[in-house]
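Chemist: This is the structure, below, for whatever I ask next.
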Amino acid sequence: MKTAESVTEGHPDKVCDQIADALLDEYLKRDPQSRVALEVFGSHGMLMVGGEVTSTGEVDIEAMAKHVYKQIGYDDELEVFVNIELQSGDIAQGVDTGGAGDQGIMYGYASAETASYMPAPIAHAHELSRRLADLRRHDAAFAWLRPDGKTQVTMDRGRVTTVVVSAQHAPEISQEDIRAKLTEGVIAPVIGDLAGVEVLINPTGRFVVGGFTADTGLTGRKLMVDTYGGMIPHGGGAFSGKDSTKVDRSAAYMARFAAKNLVAAGYAKKCMVSVAYAIGRAEPVMLTARAEDGRDLSPLAAKYFDFRPKAIVERLGLRQPIFRETAAYGHFGRERFPWEQLVELK
């Protein structure tokens, strides 16, 4: 039995991730060589942006943060505080020569169980969350939905057994109407036949207060939502707000790229790739790839994929301002991203 969760773009943690990646994109638009490492913290009318940026470009951080917040669907005012310095020269001297921006372990995974090569529970959970947002934005019959929300899917031997949807809503709509509308408009189109499926909608009975009014948000606090739903290990490094010299992000993308292409090429039905670095060093200190039956695919990963940081950036085009879109509904499983492309292994 396996369970995975997703959250909507209005979840406080995801608001912070989107602001961080929107700021990264703005710096990359102005200077593709920008070094960016930003953290965002939001709480009850306040937003804090801190970290390190080295760039020839200038960005109005307060204005961009407020713009993203409004785009997501919130209309309350934020007081924004900014505390940003230059990247440490001790780190820069290692990165400038092509070395990794940090030490650490990154994982990539792919499974042939879905068309997106993602584990089915997280694929379903993301689809439910995206549908909540799409209906809120584009269907007048769901105008009562608000930005915050969470979904969760439990599966047993390939069959969905439990679905949880928590959706922020206007105060005037009843829980009976919410349940009927979300079952018909969100859950059934994604899951299909609900016979024998336990469906839990707003289990507390009310979800009117959401976003920063209800809870704090912080970048990098939804690691499993961002990756594979907890189906494999995670090295602990978050993605959003970091430019591609940070291997927490770029190497995780490359590991997914390698795993997906090894599965698509028929070398495995499921594949997990793991890679580790020392700060300032270009060559990984570890690179392994394993099939679901334990077969060692490491020589194939090393043959077809170059895991040196500069090579990753070049192959996947990671100097482009493409990152805000990654910051909600998962970094993997959507074909529009370069690390999701299938290539011929030869």
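A note on labels: chains of the structure tokens are A, B, ... as shown, every chain counts residues from 1, and ligands are counted from 1 in their shown order.
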So that I can check the surroundings of region 130-139 of chain A, please list as a PyMOL selection string every protein, DNA and RNA residue that reaches within 7 Å of it, counting only C-alpha atoms and ignoring chain neighbours fewer than 6 positions away.
Modeler: chain A and resi 8+145+186+329
Chemist: Do you know which residues are at most 6 Å from Asn202 (chain A) counting only C-alpha atoms, after dropping those on the same chain fewer than 2 positions away, and could you put them as a list in words?
Modeler: Ser166, Thr204 and Gly205 of chain A
Chemist: Using DSSP secondary structure from the backbone, list all strand (DSSP E) positions within region 259-342 of chain A, as a ChimeraX atom specification.
Modeler: /A:270-277,286-291
Chemist: Near Lys222 (chain A), within 12 Å and counting only C-alpha atoms, which residues show up once chain neighbours fewer than 3 positions away are dropped, as a PyMOL selection string?
Modeler: chain A and resi 4-9+11-17+150+217-219+225-230+234+236-240+327-331
Chemist: May I have the residues within 10 Å of Ala311 (chain A) as a PyMOL selection string, using only C-alpha atoms and disregarding those fewer than 5 positions away in the same chain?
Modeler: chain A and resi 98+254+282+305-306+316-317
Chemist: Please give the complete set of residues from region 95-298 of chain A that DSSP, run on the backbone, assigns to alpha helix (DSSP H), formatted as a CSV table (one decimal) with N, CA and C atoms, in the first residue's frame.
Modeler:
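File written: out17.csv
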```
chain,number,residue,atom,x,y,z
A,95,VAL,N,32.8,27.1,-7.6
A,95,VAL,CA,31.8,27.0,-8.7
A,95,VAL,C,32.4,27.6,-10.0
A,120,ALA,N,2.2,6.1,-9.6
A,120,ALA,CA,0.8,6.4,-9.8
A,120,ALA,C,0.2,7.2,-8.7
A,121,PRO,N,0.6,7.0,-7.4
A,121,PRO,CA,-0.1,7.8,-6.3
A,121,PRO,C,0.2,9.3,-6.5
A,122,ILE,N,1.5,9.7,-6.7
A,122,ILE,CA,1.8,11.1,-6.8
A,122,ILE,C,1.3,11.7,-8.1
A,123,ALA,N,1.2,10.9,-9.2
A,123,ALA,CA,0.7,11.4,-10.4
A,123,ALA,C,-0.8,11.7,-10.3
A,124,HIS,N,-1.6,10.8,-9.6
A,124,HIS,CA,-3.0,11.1,-9.3
A,124,HIS,C,-3.2,12.3,-8.4
A,125,ALA,N,-2.4,12.4,-7.4
A,125,ALA,CA,-2.5,13.5,-6.4
A,125,ALA,C,-2.3,14.8,-7.1
A,126,HIS,N,-1.2,14.9,-7.9
A,126,HIS,CA,-1.0,16.2,-8.6
A,126,HIS,C,-2.1,16.5,-9.6
A,127,GLU,N,-2.7,15.5,-10.2
A,127,GLU,CA,-3.8,15.8,-11.2
A,127,GLU,C,-5.0,16.3,-10.4
A,128,LEU,N,-5.3,15.8,-9.2
A,128,LEU,CA,-6.4,16.3,-8.4
A,128,LEU,C,-6.1,17.8,-8.0
A,129,SER,N,-4.9,18.1,-7.6
A,129,SER,CA,-4.6,19.4,-7.2
A,129,SER,C,-4.7,20.4,-8.4
A,130,ARG,N,-4.1,20.0,-9.5
A,130,ARG,CA,-4.2,20.9,-10.7
A,130,ARG,C,-5.7,21.1,-11.1
A,131,ARG,N,-6.5,20.1,-11.0
A,131,ARG,CA,-7.9,20.2,-11.3
A,131,ARG,C,-8.6,21.2,-10.4
A,132,LEU,N,-8.3,21.2,-9.1
A,132,LEU,CA,-8.9,22.2,-8.2
A,132,LEU,C,-8.5,23.6,-8.7
A,133,ALA,N,-7.3,23.8,-9.1
A,133,ALA,CA,-6.9,25.1,-9.5
A,133,ALA,C,-7.5,25.5,-10.8
A,134,ASP,N,-7.6,24.6,-11.8
A,134,ASP,CA,-8.2,24.9,-13.1
A,134,ASP,C,-9.6,25.2,-13.0
A,135,LEU,N,-10.4,24.5,-12.2
A,135,LEU,CA,-11.8,24.8,-12.0
A,135,LEU,C,-12.0,26.1,-11.3
A,136,ARG,N,-11.2,26.4,-10.3
A,136,ARG,CA,-11.3,27.7,-9.6
A,136,ARG,C,-11.1,28.8,-10.5
A,137,ARG,N,-10.2,28.7,-11.4
A,137,ARG,CA,-9.8,29.8,-12.3
A,137,ARG,C,-10.8,29.9,-13.5
A,138,HIS,N,-11.3,28.8,-14.0
A,138,HIS,CA,-11.9,28.8,-15.3
A,138,HIS,C,-13.4,28.4,-15.4
A,175,GLN,N,-21.0,22.1,3.3
A,175,GLN,CA,-20.1,21.0,3.1
A,175,GLN,C,-20.8,19.9,2.2
A,176,GLU,N,-22.1,19.8,2.3
A,176,GLU,CA,-22.8,18.8,1.4
A,176,GLU,C,-22.6,19.2,0.0
A,177,ASP,N,-22.7,20.5,-0.3
A,177,ASP,CA,-22.5,20.9,-1.7
A,177,ASP,C,-21.0,20.8,-2.1
A,178,ILE,N,-20.1,21.1,-1.2
A,178,ILE,CA,-18.7,20.9,-1.5
A,178,ILE,C,-18.4,19.5,-1.9
A,179,ARG,N,-18.9,18.6,-1.1
A,179,ARG,CA,-18.6,17.2,-1.3
A,179,ARG,C,-19.2,16.7,-2.6
A,180,ALA,N,-20.4,17.1,-2.9
A,180,ALA,CA,-21.0,16.7,-4.2
A,180,ALA,C,-20.3,17.2,-5.4
A,181,LYS,N,-20.0,18.5,-5.3
A,181,LYS,CA,-19.3,19.2,-6.5
A,181,LYS,C,-17.9,18.7,-6.7
A,182,LEU,N,-17.1,18.5,-5.6
A,182,LEU,CA,-15.8,18.0,-5.8
A,182,LEU,C,-15.7,16.5,-6.2
A,188,ALA,N,-13.9,12.2,-9.5
A,188,ALA,CA,-14.3,11.2,-10.5
A,188,ALA,C,-13.6,11.3,-11.8
A,189,PRO,N,-13.4,12.5,-12.4
A,189,PRO,CA,-12.7,12.6,-13.7
A,189,PRO,C,-11.3,12.2,-13.6
A,190,VAL,N,-10.7,12.2,-12.4
A,190,VAL,CA,-9.3,11.8,-12.3
A,190,VAL,C,-9.2,10.3,-11.9
A,191,ILE,N,-10.0,9.9,-11.0
A,191,ILE,CA,-9.8,8.5,-10.4
A,191,ILE,C,-10.7,7.5,-11.2
A,211,GLY,N,-4.1,29.9,3.3
A,211,GLY,CA,-2.9,30.7,3.0
A,211,GLY,C,-2.2,31.2,4.2
A,212,PHE,N,-1.5,32.3,4.1
A,212,PHE,CA,-0.7,32.9,5.2
A,212,PHE,C,-1.6,33.3,6.4
A,213,THR,N,-2.9,33.5,6.1
A,213,THR,CA,-3.8,33.9,7.2
A,213,THR,C,-3.9,32.7,8.2
A,214,ALA,N,-3.8,31.5,7.7
A,214,ALA,CA,-4.0,30.3,8.5
A,214,ALA,C,-2.7,29.7,9.0
A,223,LEU,N,9.2,18.6,0.0
A,223,LEU,CA,10.2,17.8,-0.7
A,223,LEU,C,9.5,16.7,-1.4
A,224,MET,N,8.7,16.0,-0.8
A,224,MET,CA,8.1,14.8,-1.4
A,224,MET,C,7.0,15.1,-2.4
A,225,VAL,N,6.3,16.3,-2.2
A,225,VAL,CA,5.4,16.8,-3.2
A,225,VAL,C,6.2,17.2,-4.5
A,226,ASP,N,7.3,17.7,-4.3
A,226,ASP,CA,8.1,18.2,-5.4
A,226,ASP,C,8.7,17.0,-6.2
A,247,VAL,N,23.7,21.8,-7.1
A,247,VAL,CA,23.4,20.4,-7.6
A,247,VAL,C,22.2,19.9,-6.9
A,248,ASP,N,21.8,20.4,-5.7
A,248,ASP,CA,20.6,20.0,-5.1
A,248,ASP,C,19.5,20.0,-6.2
A,249,ARG,N,19.5,21.0,-7.1
A,249,ARG,CA,18.5,21.1,-8.1
A,249,ARG,C,18.9,20.4,-9.4
A,250,SER,N,20.0,20.9,-10.0
A,250,SER,CA,20.4,20.5,-11.3
A,250,SER,C,20.7,19.0,-11.4
A,251,ALA,N,21.4,18.4,-10.4
A,251,ALA,CA,21.7,17.0,-10.4
A,251,ALA,C,20.4,16.1,-10.2
A,252,ALA,N,19.5,16.6,-9.4
A,252,ALA,CA,18.2,15.9,-9.2
A,252,ALA,C,17.5,15.9,-10.6
A,253,TYR,N,17.5,17.0,-11.3
A,253,TYR,CA,16.9,17.0,-12.6
A,253,TYR,C,17.6,16.0,-13.6
A,254,MET,N,19.0,16.0,-13.5
A,254,MET,CA,19.7,15.1,-14.4
A,254,MET,C,19.5,13.6,-14.0
A,255,ALA,N,19.3,13.3,-12.7
A,255,ALA,CA,19.1,12.0,-12.3
A,255,ALA,C,17.7,11.5,-12.7
A,256,ARG,N,16.7,12.4,-12.7
A,256,ARG,CA,15.4,12.0,-13.3
A,256,ARG,C,15.5,11.8,-14.8
A,257,PHE,N,16.3,12.7,-15.5
A,257,PHE,CA,16.5,12.5,-17.0
A,257,PHE,C,17.1,11.2,-17.3
A,258,ALA,N,18.1,10.8,-16.5
A,258,ALA,CA,18.8,9.5,-16.7
A,258,ALA,C,17.8,8.3,-16.4
A,259,ALA,N,17.1,8.4,-15.3
A,259,ALA,CA,16.3,7.3,-14.9
A,259,ALA,C,15.1,7.1,-15.9
A,260,LYS,N,14.5,8.2,-16.3
A,260,LYS,CA,13.4,8.1,-17.2
A,260,LYS,C,13.8,7.5,-18.6
A,261,ASN,N,15.0,8.0,-19.1
A,261,ASN,CA,15.4,7.5,-20.4
A,261,ASN,C,15.9,6.0,-20.3
A,262,LEU,N,16.5,5.6,-19.2
A,262,LEU,CA,16.8,4.2,-19.1
A,262,LEU,C,15.6,3.3,-19.0
A,263,VAL,N,14.5,3.8,-18.4
A,263,VAL,CA,13.3,3.0,-18.4
A,263,VAL,C,12.6,3.0,-19.8
A,264,ALA,N,12.6,4.2,-20.4
A,264,ALA,CA,12.0,4.3,-21.7
A,264,ALA,C,12.7,3.5,-22.7
A,298,SER,N,24.5,1.2,-13.4
A,298,SER,CA,25.4,2.3,-13.2
A,298,SER,C,26.3,2.5,-14.4
```
Chemist: Please determine, counting only C-alpha atoms, which residue among A:Tyr27, A:Thr216, A:Ile105, A:Thr162 has the shortest atom-to-atom distance to Val199 (chain A).
Modeler: A:Thr162
Chemist: How many Å separate CA of Glu113 (chain A) from CA of Val164 (chain A)?
Modeler: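 CA of Val164 (chain A) lies 21.8 Å from CA of Glu113 (chain A).
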Chemist: For a quick check of understanding, using only C-alpha atoms, which of A:Tyr117, A:Phe332, A:Phe207, A:Tyr69 has the smallest distance to Leu47 (chain A)?
Modeler: A:Tyr69
Chemist: Figure out the distance between CA of Gln103 (chain A) and CA of Val285 (chain A), please, to one decimal in Å.
Modeler: 9.6 Å
Chemist: Please indicate the distance in Å from CA of Glu62 (chain A) to CA of Val82 (chain A), rounded to one decimal place.
Modeler: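 Computing it gives 7.6 Å between the two atoms.
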Chemist: Do a neighbour search on region 321-325 of chain A at 9 Å with only C-alpha atoms, toss out local chain neighbours closer than 4 positions, and write the hits as a PyMOL selection string.
Modeler: chain A and resi 17-29+32+240-241+329+331+337
Chemist: For the residues in that selection, give me N, CA and C atoms as a tab-separated table (two decimals), in the first residue's frame.
Modeler:
```
chain	number	residue	atom	x	y	z
A	17	ASP	N	7.62	28.88	-2.51
A	17	ASP	CA	8.41	28.27	-3.59
A	17	ASP	C	8.24	29.04	-4.89
A	18	GLN	N	6.99	29.41	-5.20
A	18	GLN	CA	6.73	30.12	-6.46
A	18	GLN	C	7.34	31.52	-6.47
A	19	ILE	N	7.30	32.20	-5.35
A	19	ILE	CA	7.94	33.52	-5.28
A	19	ILE	C	9.44	33.37	-5.46
A	20	ALA	N	10.04	32.39	-4.79
A	20	ALA	CA	11.48	32.18	-4.91
A	20	ALA	C	11.89	31.88	-6.35
A	21	ASP	N	11.13	31.02	-7.03
A	21	ASP	CA	11.48	30.67	-8.40
A	21	ASP	C	11.14	31.77	-9.39
A	22	ALA	N	10.12	32.56	-9.12
A	22	ALA	CA	9.82	33.72	-9.97
A	22	ALA	C	10.96	34.73	-9.89
A	23	LEU	N	11.51	34.93	-8.70
A	23	LEU	CA	12.66	35.82	-8.54
A	23	LEU	C	13.88	35.26	-9.26
A	24	LEU	N	14.11	33.95	-9.14
A	24	LEU	CA	15.21	33.33	-9.88
A	24	LEU	C	15.07	33.58	-11.37
A	25	ASP	N	13.88	33.37	-11.91
A	25	ASP	CA	13.65	33.59	-13.34
A	25	ASP	C	13.94	35.04	-13.73
A	26	GLU	N	13.54	35.98	-12.90
A	26	GLU	CA	13.77	37.39	-13.22
A	26	GLU	C	15.26	37.70	-13.27
A	27	TYR	N	16.02	37.14	-12.36
A	27	TYR	CA	17.47	37.34	-12.41
A	27	TYR	C	18.08	36.70	-13.66
A	28	LEU	N	17.61	35.49	-14.00
A	28	LEU	CA	18.15	34.81	-15.18
A	28	LEU	C	17.80	35.55	-16.47
A	29	LYS	N	16.63	36.19	-16.51
A	29	LYS	CA	16.25	36.98	-17.69
A	29	LYS	C	17.24	38.12	-17.91
A	32	PRO	N	21.93	35.59	-17.43
A	32	PRO	CA	21.86	34.12	-17.38
A	32	PRO	C	22.91	33.48	-16.48
A	240	SER	N	13.56	25.07	-5.03
A	240	SER	CA	13.12	26.42	-5.41
A	240	SER	C	14.02	27.50	-4.84
A	241	GLY	N	14.24	28.53	-5.67
A	241	GLY	CA	15.09	29.64	-5.31
A	241	GLY	C	16.56	29.44	-5.58
A	329	TYR	N	2.86	21.66	-8.27
A	329	TYR	CA	2.42	20.42	-8.93
A	329	TYR	C	3.57	19.53	-9.38
A	331	HIS	N	8.04	18.80	-9.78
A	331	HIS	CA	9.11	19.13	-10.73
A	331	HIS	C	9.27	18.06	-11.80
A	337	PHE	N	9.24	20.19	-19.48
A	337	PHE	CA	10.55	20.47	-18.89
A	337	PHE	C	11.65	19.69	-19.61
```
Chemist: Using only C-alpha atoms, can you tell me which of A:Pro147, A:Gly101, A:Gly196, A:Gly220 comes closest to Lys310 (chain A)?
Modeler: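 Of A:Pro147, A:Gly101, A:Gly196, A:Gly220, the one nearest Lys310 (chain A) is A:Gly101, counting only C-alpha atoms.
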Chemist: Using only C-alpha atoms, which residues sit within 7 Å of Leu318 (chain A) once same-chain residues fewer than 3 positions away are excluded, as an mmCIF file with C-alpha atoms, in the first residue's frame?
Modeler:
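That gives us part_36.cif:
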```cif
data_model
loop_
_atom_site.group_PDB
_atom_site.id
_atom_site.type_symbol
_atom_site.label_atom_id
_atom_site.label_comp_id
_atom_site.auth_asym_id
_atom_site.auth_seq_id
_atom_site.Cartn_x
_atom_site.Cartn_y
_atom_site.Cartn_z
ATOM 1 C CA SER A 244 21.509 25.459 -11.525
ATOM 2 C CA VAL A 313 23.447 22.951 -17.250
ATOM 3 C CA GLU A 314 24.341 22.809 -20.940
#
```
Chemist: Determine, counting only C-alpha atoms, which protein, DNA and RNA residues have an atom within 6 Å of an atom of Gln168 (chain A); residues of the same chain fewer than 4 positions away are not included. Present the result as a list in words.
Modeler: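 Non-adjacent residues within range: Arg146, Asp148, Gly149, Phe207 and Val208 of chain A.
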